[in-house]
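target_29.txt, holding compact mmCIF, C-alpha atoms:
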# COMPACT_ATOMS: atom_id res chain seq x y z
CA MET A 150 -45.80 53.58 22.41
CA THR A 151 -42.93 54.27 20.03
CA LEU A 152 -44.70 52.25 17.38
CA SER A 153 -47.88 54.24 17.69
CA LEU A 154 -45.85 57.44 17.37
CA PHE A 155 -44.30 55.97 14.23
CA ASP A 156 -47.76 55.10 12.91
CA GLY A 157 -49.07 58.57 13.62
CA LEU A 158 -46.14 60.23 11.87
CA THR A 159 -46.38 57.91 8.85
CA ALA A 160 -50.12 58.50 8.46
CA LEU A 161 -49.67 62.25 8.84
CA LEU A 162 -46.83 62.32 6.31
CA LEU A 163 -48.91 60.29 3.84
CA VAL A 164 -51.71 62.84 4.03
CA ILE A 165 -49.37 65.84 3.80
CA LEU A 166 -47.48 64.39 0.81
CA ALA A 167 -50.72 63.59 -1.03
CA TRP A 168 -52.04 67.08 -0.32
CA ARG A 169 -48.84 68.82 -1.45
CA CYS A 170 -48.60 66.62 -4.54
CA LEU A 171 -52.09 67.70 -5.60
CA VAL A 172 -51.93 71.43 -4.82
CA VAL A 173 -48.34 72.35 -5.73
CA PRO A 174 -48.49 74.44 -8.95
CA ASP A 175 -45.25 73.08 -10.43
CA LEU A 176 -45.99 69.84 -12.27
CA PHE A 177 -42.48 68.42 -11.83
CA ARG A 178 -42.57 68.90 -8.06
CA GLY A 179 -46.01 67.33 -7.97
CA ILE A 180 -44.69 64.20 -9.69
CA VAL A 181 -41.65 63.95 -7.42
CA LEU A 182 -43.89 64.32 -4.38
CA PHE A 183 -46.11 61.57 -5.78
CA VAL A 184 -43.12 59.22 -6.11
CA VAL A 185 -42.10 59.98 -2.52
CA PHE A 186 -45.71 59.34 -1.50
CA GLY A 187 -45.49 55.95 -3.25
CA LEU A 188 -42.29 55.04 -1.39
CA LEU A 189 -43.80 56.04 1.96
CA LEU A 190 -46.83 53.95 1.07
CA ALA A 191 -44.49 50.99 0.47
CA LEU A 192 -43.11 51.54 3.97
CA THR A 193 -46.68 51.65 5.28
CA TRP A 194 -47.49 48.30 3.63
CA ALA A 195 -44.43 46.78 5.28
CA ARG A 196 -45.59 48.17 8.63
CA LEU A 197 -49.12 46.81 8.11
CA ASP A 198 -47.92 43.19 7.65
CA ALA A 199 -48.12 43.25 3.86
CA PRO A 200 -44.56 42.72 2.60
CA ASP A 201 -45.82 41.54 -0.81
CA LEU A 202 -47.57 44.83 -1.33
CA ALA A 203 -44.54 46.77 -0.13
CA LEU A 204 -42.44 45.13 -2.85
CA ALA A 205 -45.13 45.66 -5.49
CA GLU A 206 -45.66 49.29 -4.49
CA ALA A 207 -41.95 50.10 -4.49
CA ALA A 208 -41.34 48.42 -7.86
CA ILE A 209 -44.58 49.14 -9.74
CA GLY A 210 -46.31 51.98 -7.91
CA ALA A 211 -43.33 54.21 -7.21
CA GLY A 212 -40.77 52.87 -9.71
CA ILE A 213 -42.45 52.17 -13.04
CA LEU A 214 -45.23 54.72 -12.53
CA GLY A 215 -42.68 57.37 -11.55
CA VAL A 216 -40.69 56.73 -14.74
CA LEU A 217 -43.87 56.94 -16.83
CA LEU A 218 -44.97 60.19 -15.15
CA LEU A 219 -41.57 61.87 -15.45
CA GLY A 220 -41.21 60.72 -19.06
CA THR A 221 -44.61 62.15 -19.93
CA TRP A 222 -43.74 65.40 -18.16
CA ARG A 223 -40.59 65.57 -20.29
CA ALA A 224 -42.51 64.73 -23.46
CA LEU A 225 -45.09 67.45 -22.82
CA GLY A 226 -42.05 69.69 -22.78
CA SER A 227 -43.41 73.10 -23.71
CA PRO A 228 -42.52 75.79 -21.11
CA ARG A 229 -46.11 76.74 -20.35
CA SER A 230 -46.95 73.21 -19.22
CA GLY A 231 -44.42 73.50 -16.37
CA GLU A 232 -46.81 75.55 -14.30
CA THR A 233 -50.31 74.20 -14.21
CA PRO A 234 -53.01 76.85 -14.59
CA ALA A 235 -55.21 77.61 -11.64
CA SER A 236 -58.53 75.84 -11.53
CA SER A 237 -61.09 77.11 -14.00
CA LEU A 238 -63.92 76.37 -11.59
CA SER A 239 -65.53 79.25 -9.75
CA ARG A 240 -64.68 79.78 -6.11
CA TRP A 241 -68.08 78.53 -4.94
CA LEU A 242 -67.81 75.32 -6.92
CA GLN A 243 -64.36 74.69 -5.44
CA ILE A 244 -65.70 75.21 -1.93
CA ALA A 245 -68.63 72.90 -2.71
CA SER A 246 -66.20 70.24 -3.96
CA GLY A 247 -64.08 70.69 -0.85
CA LEU A 248 -67.08 70.29 1.44
CA GLY A 249 -68.28 67.23 -0.49
CA SER A 250 -64.84 65.62 -0.34
CA ALA A 251 -64.58 66.34 3.40
CA LEU A 252 -68.00 64.75 3.88
CA LEU A 253 -66.87 61.71 1.86
CA ALA A 254 -63.71 61.42 3.99
CA GLY A 255 -65.72 61.74 7.19
CA LEU A 256 -68.21 59.06 6.17
CA VAL A 257 -65.46 56.67 5.07
CA ALA A 258 -63.58 57.21 8.34
CA TRP A 259 -66.76 56.56 10.30
CA ALA A 260 -67.53 53.40 8.30
CA LEU A 261 -63.96 52.10 8.73
CA HIS A 262 -64.18 52.77 12.44
CA LEU A 263 -67.41 50.80 12.77
CA VAL A 264 -66.49 47.71 10.73
CA PRO A 265 -65.55 44.95 13.16
CA GLY A 266 -62.96 42.26 12.54
CA SER A 267 -64.95 39.44 10.96
CA GLU A 268 -64.26 36.03 12.40
CA GLY A 269 -64.97 33.00 10.28
CA GLY A 270 -65.14 35.11 7.16
CA ALA A 271 -63.65 34.34 3.77
CA GLY A 272 -60.19 35.21 5.06
CA THR A 273 -60.15 32.60 7.82
CA LEU A 274 -61.57 30.02 5.43
CA ALA A 275 -58.94 30.82 2.82
CA VAL A 276 -56.10 30.52 5.33
CA GLU A 277 -57.42 27.14 6.45
CA GLU A 278 -58.07 25.76 2.96
CA LEU A 279 -54.79 26.86 1.38
CA PRO A 280 -52.90 24.12 -0.44
CA LEU A 281 -49.89 24.71 1.75
CA PRO A 282 -47.63 22.04 0.28
CA ALA A 283 -48.09 23.64 -3.15
CA THR A 284 -46.99 27.12 -2.18
CA GLY A 285 -46.16 28.15 1.35
CA GLN A 286 -46.87 31.78 0.63
CA PRO A 287 -50.49 32.80 1.34
CA VAL A 288 -50.80 35.78 -1.01
CA THR A 289 -49.33 34.00 -4.05
CA ALA A 290 -51.46 30.94 -3.32
CA VAL A 291 -54.63 33.00 -2.92
CA LEU A 292 -53.90 34.85 -6.14
CA LEU A 293 -53.31 31.72 -8.19
CA ASP A 294 -55.66 29.31 -6.47
CA PHE A 295 -58.76 31.18 -5.29
CA ARG A 296 -58.60 34.33 -7.29
CA SER A 297 -57.35 32.99 -10.61
CA TYR A 298 -59.88 35.07 -12.51
CA ASP A 299 -58.52 38.26 -10.94
CA THR A 300 -54.98 37.42 -11.92
CA LEU A 301 -55.97 36.29 -15.40
CA LEU A 302 -58.10 39.36 -16.11
CA GLU A 303 -55.53 41.71 -14.59
CA THR A 304 -52.91 40.40 -17.00
CA ALA A 305 -55.44 40.93 -19.78
CA VAL A 306 -56.01 44.52 -18.58
CA LEU A 307 -52.26 45.13 -18.69
CA LEU A 308 -52.20 43.79 -22.26
CA MET A 309 -55.13 46.02 -23.22
CA ALA A 310 -53.32 49.05 -21.76
CA VAL A 311 -50.30 48.25 -23.96
CA VAL A 312 -52.52 47.90 -27.04
CA GLY A 313 -54.28 51.13 -26.10
CA SER A 314 -51.07 53.10 -25.82
CA TRP A 315 -49.93 51.68 -29.17
CA LEU A 316 -53.13 52.98 -30.68
CA ALA A 317 -52.50 56.41 -29.16
CA ARG A 318 -49.22 56.48 -31.16
CA SER A 319 -47.27 58.63 -28.74
CA SER A 320 -43.92 57.00 -28.22
CA LEU A 321 -42.46 58.16 -24.94
CA LEU A 322 -38.89 57.09 -25.63
CA ASP A 323 -38.65 58.87 -28.99
CA ALA A 324 -40.12 62.02 -27.48
CA ILE A 325 -37.55 62.24 -24.72
CA ALA A 326 -34.56 60.84 -26.61
CA GLY A 327 -34.51 63.73 -29.09
CA ASN A 328 -33.61 66.45 -26.63
CA ASP A 329 -31.64 64.43 -24.16
CA ALA A 330 -28.08 65.36 -23.38
CA THR A 331 -27.66 63.16 -20.34
CA THR A 332 -27.05 59.93 -22.27
CA ASP A 333 -24.09 61.43 -24.12
CA THR A 334 -21.82 61.05 -21.14
CA PRO A 335 -19.77 57.86 -20.83
CA VAL A 336 -21.10 57.36 -17.31
CA VAL A 337 -24.61 56.28 -18.31
CA PRO A 338 -23.72 53.30 -20.54
CA ALA A 339 -21.16 52.12 -17.97
CA LEU A 340 -23.75 52.30 -15.20
CA VAL A 341 -26.28 50.47 -17.35
CA ARG A 342 -23.78 47.66 -17.99
CA LEU A 343 -23.19 47.49 -14.25
CA PHE A 344 -26.79 47.62 -13.03
CA ALA A 345 -28.79 45.80 -15.70
CA PRO A 346 -27.45 42.27 -15.00
CA VAL A 347 -27.95 42.75 -11.25
CA LEU A 348 -31.51 43.92 -11.81
CA LEU A 349 -32.24 40.96 -14.07
CA VAL A 350 -31.01 38.54 -11.39
CA VAL A 351 -33.01 40.32 -8.66
CA GLY A 352 -36.13 40.19 -10.84
CA ALA A 353 -35.74 36.48 -11.53
CA TYR A 354 -35.09 35.87 -7.84
CA LEU A 355 -38.27 37.69 -6.83
CA VAL A 356 -40.34 35.49 -9.15
CA TRP A 357 -38.71 32.36 -7.78
CA ALA A 358 -39.04 33.56 -4.18
CA GLY A 359 -42.77 34.17 -4.68
CA ALA A 360 -43.38 30.50 -3.96
CA HIS A 361 -42.26 30.61 -0.33
CA SER A 362 -41.68 34.21 0.74
CA PRO A 363 -42.77 37.71 -0.31
CA GLY A 364 -42.35 38.20 -4.02
CA GLY A 365 -44.08 36.88 -7.08
CA ALA A 366 -44.79 37.37 -10.76
CA PHE A 367 -45.82 41.01 -10.48
CA GLN A 368 -42.99 42.19 -8.28
CA GLY A 369 -40.40 40.21 -10.24
CA GLY A 370 -41.89 41.30 -13.55
CA ALA A 371 -41.72 44.94 -12.50
CA VAL A 372 -38.04 44.67 -11.56
CA LEU A 373 -37.31 42.94 -14.89
CA ALA A 374 -39.17 45.76 -16.64
CA ALA A 375 -37.08 48.27 -14.70
CA ALA A 376 -33.94 46.60 -16.07
CA GLY A 377 -35.42 47.03 -19.54
CA VAL A 378 -36.22 50.70 -18.89
CA LEU A 379 -32.63 51.26 -17.78
CA MET A 380 -31.34 49.62 -20.95
CA ALA A 381 -33.71 51.71 -23.07
CA LEU A 382 -32.53 54.93 -21.37
CA GLY A 383 -28.88 53.89 -21.80
CA ARG A 384 -29.49 53.30 -25.53
CA VAL A 385 -28.87 49.58 -25.35
CA LEU A 386 -32.45 48.91 -26.40
CA GLY A 387 -34.25 51.05 -28.94
CA THR A 388 -37.74 51.28 -30.33
CA ALA A 389 -38.77 49.61 -33.55
CA PRO A 390 -41.83 50.45 -35.63
CA ASN A 391 -42.99 46.84 -35.99
CA VAL A 392 -43.81 44.09 -33.56
CA GLY A 393 -41.83 40.94 -34.17
CA TRP A 394 -43.67 37.64 -33.81
CA LEU A 395 -41.36 36.60 -30.97
CA LEU A 396 -42.24 39.72 -28.99
CA ARG A 397 -45.94 39.15 -29.57
CA LEU A 398 -45.65 35.57 -28.44
CA LEU A 399 -43.79 36.56 -25.27
CA MET A 400 -46.35 39.25 -24.49
CA VAL A 401 -49.28 36.83 -24.56
CA LEU A 402 -47.30 33.89 -23.16
CA GLY A 403 -48.57 34.46 -19.61
CA LEU A 404 -52.20 34.55 -20.70
CA LEU A 405 -51.73 31.57 -23.02
CA VAL A 406 -50.13 29.36 -20.38
CA PHE A 407 -52.67 30.44 -17.76
CA ILE A 408 -55.72 29.82 -19.95
CA SER A 409 -54.44 26.57 -21.41
CA ALA A 410 -53.57 25.23 -17.95
CA GLY A 411 -57.15 26.05 -16.96
CA LEU A 412 -58.74 24.60 -20.09
CA LEU A 413 -56.63 21.47 -20.59
CA LEU A 414 -57.40 20.16 -17.12
CA MET A 415 -61.14 20.72 -17.46
CA PRO A 416 -61.93 17.16 -18.66
CA THR A 417 -60.25 15.57 -15.62
CA GLU A 418 -61.01 18.18 -12.97
CA GLY A 419 -64.50 19.18 -14.02
CA SER A 420 -64.20 22.96 -13.82
CA PHE A 421 -62.18 25.78 -15.33
CA MET A 422 -58.87 26.42 -13.51
CA ALA A 423 -59.20 23.56 -11.08
CA TYR A 424 -55.83 21.88 -10.65
CA PRO A 425 -55.23 18.35 -9.39
CA GLU A 426 -53.65 18.48 -5.95
CA ARG A 427 -50.47 16.65 -6.92
CA TRP A 428 -49.63 19.01 -9.79
CA ALA A 429 -50.95 22.28 -8.35
CA GLY A 430 -47.51 23.45 -7.22
CA LEU A 431 -45.86 22.72 -10.55
CA ILE A 432 -48.64 24.38 -12.54
CA MET A 433 -48.55 27.45 -10.33
CA HIS A 434 -44.80 27.79 -10.85
CA LEU A 435 -45.18 27.44 -14.60
CA VAL A 436 -47.91 30.07 -14.68
CA GLU A 437 -45.90 32.42 -12.44
CA TYR A 438 -42.83 32.37 -14.68
CA ALA A 439 -44.84 32.84 -17.87
CA LEU A 440 -46.81 35.67 -16.26
CA ALA A 441 -43.64 37.38 -15.03
CA LEU A 442 -42.17 37.40 -18.54
CA SER A 443 -45.34 38.81 -20.09
CA ILE A 444 -45.77 41.41 -17.34
CA ALA A 445 -42.16 42.56 -17.65
CA LEU A 446 -42.47 42.99 -21.41
CA SER A 447 -45.84 44.73 -21.17
CA LEU A 448 -44.59 47.23 -18.58
CA LEU A 449 -41.47 47.89 -20.66
CA LEU A 450 -43.55 48.48 -23.79
CA LEU A 451 -45.85 50.79 -21.83
CA PHE A 452 -42.74 52.81 -21.10
CA THR A 453 -41.32 52.88 -24.64
CA GLY A 454 -44.78 53.40 -26.09
CA ALA A 455 -43.62 51.92 -29.39
CA PRO A 456 -44.75 48.58 -30.79
CA GLY A 457 -41.32 46.99 -31.08
CA LEU A 458 -37.90 46.72 -29.49
CA ARG A 459 -34.51 46.25 -31.05
CA ARG A 460 -30.93 46.05 -29.88
CA LEU A 461 -28.79 49.09 -30.44
CA GLY A 462 -25.45 47.74 -29.23
CA MET B 39 -61.88 48.00 17.46
CA ALA B 40 -60.43 49.77 20.44
CA GLY B 41 -59.02 53.22 19.98
CA LEU B 42 -58.63 55.16 16.79
CA ASP B 43 -56.75 53.66 13.87
CA VAL B 44 -54.62 56.41 12.35
CA TYR B 45 -54.22 54.50 9.10
CA ALA B 46 -58.00 54.24 8.71
CA LEU B 47 -58.20 58.00 9.18
CA ALA B 48 -55.40 58.55 6.68
CA ALA B 49 -57.18 56.28 4.16
CA ALA B 50 -60.37 58.34 4.51
CA VAL B 51 -58.50 61.64 4.12
CA LEU B 52 -56.62 60.33 1.06
CA MET B 53 -59.94 59.43 -0.58
CA GLY B 54 -61.30 62.91 0.15
CA LEU B 55 -58.13 64.61 -1.15
CA GLY B 56 -58.09 62.47 -4.28
CA PHE B 57 -61.72 63.22 -5.06
CA HIS B 58 -61.28 66.94 -4.51
CA GLY B 59 -58.19 66.95 -6.72
CA LEU B 60 -59.97 65.06 -9.48
CA VAL B 61 -62.84 67.55 -9.49
CA THR B 62 -60.89 70.80 -9.22
CA GLN B 63 -57.54 70.24 -10.98
CA PRO B 64 -57.57 71.40 -14.61
CA HIS B 65 -54.35 69.69 -15.80
CA PRO B 66 -54.91 66.10 -17.03
CA LEU B 67 -51.67 64.85 -15.46
CA LYS B 68 -52.72 66.26 -12.09
CA ARG B 69 -56.07 64.52 -12.46
CA LEU B 70 -54.31 61.21 -13.05
CA LEU B 71 -52.29 61.81 -9.87
CA ALA B 72 -55.53 62.56 -8.01
CA VAL B 73 -57.13 59.32 -9.20
CA ASN B 74 -54.05 57.45 -8.01
CA VAL B 75 -54.19 59.14 -4.59
CA PHE B 76 -57.85 58.13 -4.31
CA GLY B 77 -56.98 54.56 -5.31
CA ASN B 78 -54.18 54.39 -2.76
CA GLY B 79 -56.66 55.51 -0.11
CA VAL B 80 -58.93 52.60 -1.05
CA PHE B 81 -55.97 50.17 -0.89
CA LEU B 82 -55.01 51.48 2.53
CA ALA B 83 -58.59 50.99 3.76
CA LEU B 84 -58.58 47.38 2.50
CA ILE B 85 -55.27 46.61 4.20
CA VAL B 86 -56.46 48.19 7.46
CA LEU B 87 -59.52 45.92 7.34
CA ALA B 88 -57.33 42.90 6.57
CA ARG B 89 -55.48 43.39 9.86
CA ARG B 90 -58.63 43.12 11.96
CA LEU B 91 -58.70 39.35 11.58
CA PRO B 92 -57.71 37.78 14.92
CA ASP B 93 -55.21 35.24 13.58
CA GLY B 94 -52.83 36.99 11.23
CA PRO B 95 -53.56 39.30 8.30
CA ASP B 96 -56.20 38.17 5.82
CA PRO B 97 -54.50 37.26 2.51
CA ILE B 98 -57.58 37.92 0.36
CA PRO B 99 -57.58 41.75 0.59
CA HIS B 100 -53.81 41.62 0.08
CA ALA B 101 -54.29 39.70 -3.15
CA MET B 102 -57.02 42.12 -4.23
CA VAL B 103 -54.80 45.14 -3.55
CA LEU B 104 -51.93 43.53 -5.47
CA THR B 105 -54.30 43.13 -8.42
CA GLY B 106 -55.48 46.69 -7.85
CA ILE B 107 -51.97 48.16 -7.96
CA VAL B 108 -51.27 46.54 -11.33
CA ILE B 109 -54.64 47.64 -12.74
CA ALA B 110 -54.10 51.20 -11.47
CA VAL B 111 -50.69 51.37 -13.15
CA SER B 112 -52.10 49.96 -16.41
CA ALA B 113 -54.94 52.47 -16.45
CA THR B 114 -52.60 55.35 -15.56
CA ALA B 115 -50.12 54.35 -18.26
CA PHE B 116 -52.93 54.32 -20.82
CA GLY B 117 -54.12 57.70 -19.52
CA LEU B 118 -50.58 59.10 -19.85
CA ALA B 119 -50.40 57.85 -23.46
CA LEU B 120 -53.66 59.71 -24.16
CA VAL B 121 -52.32 62.86 -22.47
CA ARG B 122 -49.19 62.75 -24.66
CA ARG B 123 -51.30 62.22 -27.76
CA GLN B 124 -53.53 65.15 -26.84
CA ALA B 125 -50.47 67.38 -26.45
CA GLN B 126 -49.11 66.19 -29.83
CA ASP B 127 -52.37 66.96 -31.56
CA ARG B 128 -52.59 70.37 -29.93
CA GLU B 129 -49.07 71.26 -31.10
CA ARG B 130 -49.94 70.14 -34.61
CA GLY B 131 -53.13 72.22 -34.46
CA ASP B 132 -51.20 75.30 -33.33
CA ASP B 133 -48.70 75.16 -36.19
Since I need it in another form, could you write the structure as structure tokens?
Amino acid sequence: MTLSLFDGLTALLLVILAWRCLVVPDLFRGIVLFVVFGLLLALTWARLDAPDLALAEAAIGAGILGVLLLGTWRALGSPRSGETPASSLSRWLQIASGLGSALLAGLVAWALHLVPGSEGGAGTLAVEELPLPATGQPVTAVLLDFRSYDTLLETAVLLMAVVGSWLARSSLLDAIAGNDATTDTPVVPALVRLFAPVLLVVGAYLVWAGAHSPGGAFQGGAVLAAAGVLMALGRVLGTAPNVGWLLRLLMVLGLLVFISAGLLLMPTEGSFMAYPERWAGLIMHLVEYALALSIALSLLLLFTGAPGLRRLG
Amino acid sequence: MAGLDVYALAAAVLMGLGFHGLVTQPHPLKRLLAVNVFGNGVFLALIVLARRLPDGPDPIPHAMVLTGIVIAVSATAFGLALVRRQAQDRERGDD
């Protein structure tokens, strides 16, 4: 009974936070509410037996996305962008949109209520067929073994997003560093020196832990990227106008290792991304570490928005 | 499915809210937030469905949502870069 009360409150809070985040006129408050919404969502994932997602949501969804949103809010900067203008749509169109959205919500709720739990579906099959000796963790194993294409293409999408934001030429770090007084205090560099090594260790641990408990390349990569963001904000890392070849190599390392592991084993295994049973665990680990490095760098570069990185001191 | 699943309801309402926000909000940043709220509603629906398996949660929707979170952040980050660029160009046009 207490748990159902907890569930009810969590679901209600999720809806209220999402609603407030969308209707509040002040952009800054909207973003903060969105970050809180993300954290509550992470709690919801943990409650719904999805600890992997809880970690990913807290690190990527609320953490990295929150930094990106706040940075962009800062970069937009001009006083009139603080308050968002009221909708330009006429009252009737807004009401029509509201009714349509309510209808959509109603239909989705009805559909979700009707869908039964499917026995003997893909999920049951996947759980039975998992190469358990390779990785004892179902989500990581499903991602790398059954849904390799998803993981591969998702890393490619991340890379494309980085290339896209390079093309947009709107460096976030340079835009906010110009008018920033907070990094002049001695506290920030000291805190960065204190936190960055801990974050790096936690990130590496999450990648390693992905093999047998919640964690994995994406969660670990996001924490590593967060360490990078902290160093960039504390002026330990700065932006550079050019991409060094080492940085480029590290960015595509995940994709390269993943694709070559898939291609090189084709002659012996017969199909793309089929791994021999004996080596599956080792290959998965290799791919995970390479992916984590590339993901961390890509997320960090999405934050800085500049093509290169350099050490400031 | 006995009883009413509050999380399924919340997922449906989040989708409705996100869609309404996307249609009516004029500010591009707010629209990005709305798209993300909609996406989170879809993720919540998937995870609710994953729990209806009799023996333990289904790892496949979990893996799909994990992929989805990363894709959503990539797309949003790209959208934010475009928003910043648009603001830059507008400032330059005003001068």
Neighbours of Val86 in chain B within 8 Å (all atoms listed in the file; same-chain residues fewer than 3 positions away dropped), as a PyMOL selection string? (chain A and resi 197) or (chain B and resi 45-46+82-83+89-90)
Counting only C-alpha atoms, which residues in chain B sit no more than 6 Å from chain A? For each one, give the nearest pair of atoms and the distance in Å, sorted by chain then residue number, as JSON lines.
{"residue": "B:Tyr45", "atom": "CA", "partner": "A:Ala160", "partner_atom": "CA", "distance": 5.8}
{"residue": "B:Leu47", "atom": "CA", "partner": "A:Ala258", "partner_atom": "CA", "distance": 5.5}
{"residue": "B:Ala48", "atom": "CA", "partner": "A:Ala160", "partner_atom": "CA", "distance": 5.6}
{"residue": "B:Ala50", "atom": "CA", "partner": "A:Ala254", "partner_atom": "CA", "distance": 4.6}
{"residue": "B:Val51", "atom": "CA", "partner": "A:Ala254", "partner_atom": "CA", "distance": 5.2}
{"residue": "B:Gly54", "atom": "CA", "partner": "A:Ser250", "partner_atom": "CA", "distance": 4.5}
{"residue": "B:His58", "atom": "CA", "partner": "A:Ser250", "partner_atom": "CA", "distance": 5.6}
{"residue": "B:Gln63", "atom": "CA", "partner": "A:Ser236", "partner_atom": "CA", "distance": 5.7}
{"residue": "B:Pro64", "atom": "CA", "partner": "A:Ser236", "partner_atom": "CA", "distance": 5.5}
{"residue": "B:Arg90", "atom": "CA", "partner": "A:Gly266", "partner_atom": "CA", "distance": 4.5}
{"residue": "B:Leu91", "atom": "CA", "partner": "A:Gly266", "partner_atom": "CA", "distance": 5.2}
{"residue": "B:Asp96", "atom": "CA", "partner": "A:Gly272", "partner_atom": "CA", "distance": 5.0}
{"residue": "B:Pro97", "atom": "CA", "partner": "A:Val288", "partner_atom": "CA", "distance": 5.3}
{"residue": "B:Ala101", "atom": "CA", "partner": "A:Val288", "partner_atom": "CA", "distance": 5.7}
{"residue": "B:Ser112", "atom": "CA", "partner": "A:Leu307", "partner_atom": "CA", "distance": 5.3}
{"residue": "B:Phe116", "atom": "CA", "partner": "A:Ala310", "partner_atom": "CA", "distance": 5.4}
{"residue": "B:Ala119", "atom": "CA", "partner": "A:Ser314", "partner_atom": "CA", "distance": 5.3}
{"residue": "B:Arg123", "atom": "CA", "partner": "A:Ser319", "partner_atom": "CA", "distance": 5.5}
For CA of Val351 in chain A and CA of Ala429 in chain A, determine how far apart the two atoms are, in Å to one decimal place.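 Distance between the two atoms: 25.4 Å.
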Expressed in Å to a single decimal, how great is the separation between CA of Val185 in chain A and CA of Val111 in chain B? 16.2 Å
Between CA of Leu458 in chain A and CA of Arg397 in chain A, what is the distance in Å, rounded to a tenth?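 Those two atoms sit 11.0 Å apart.
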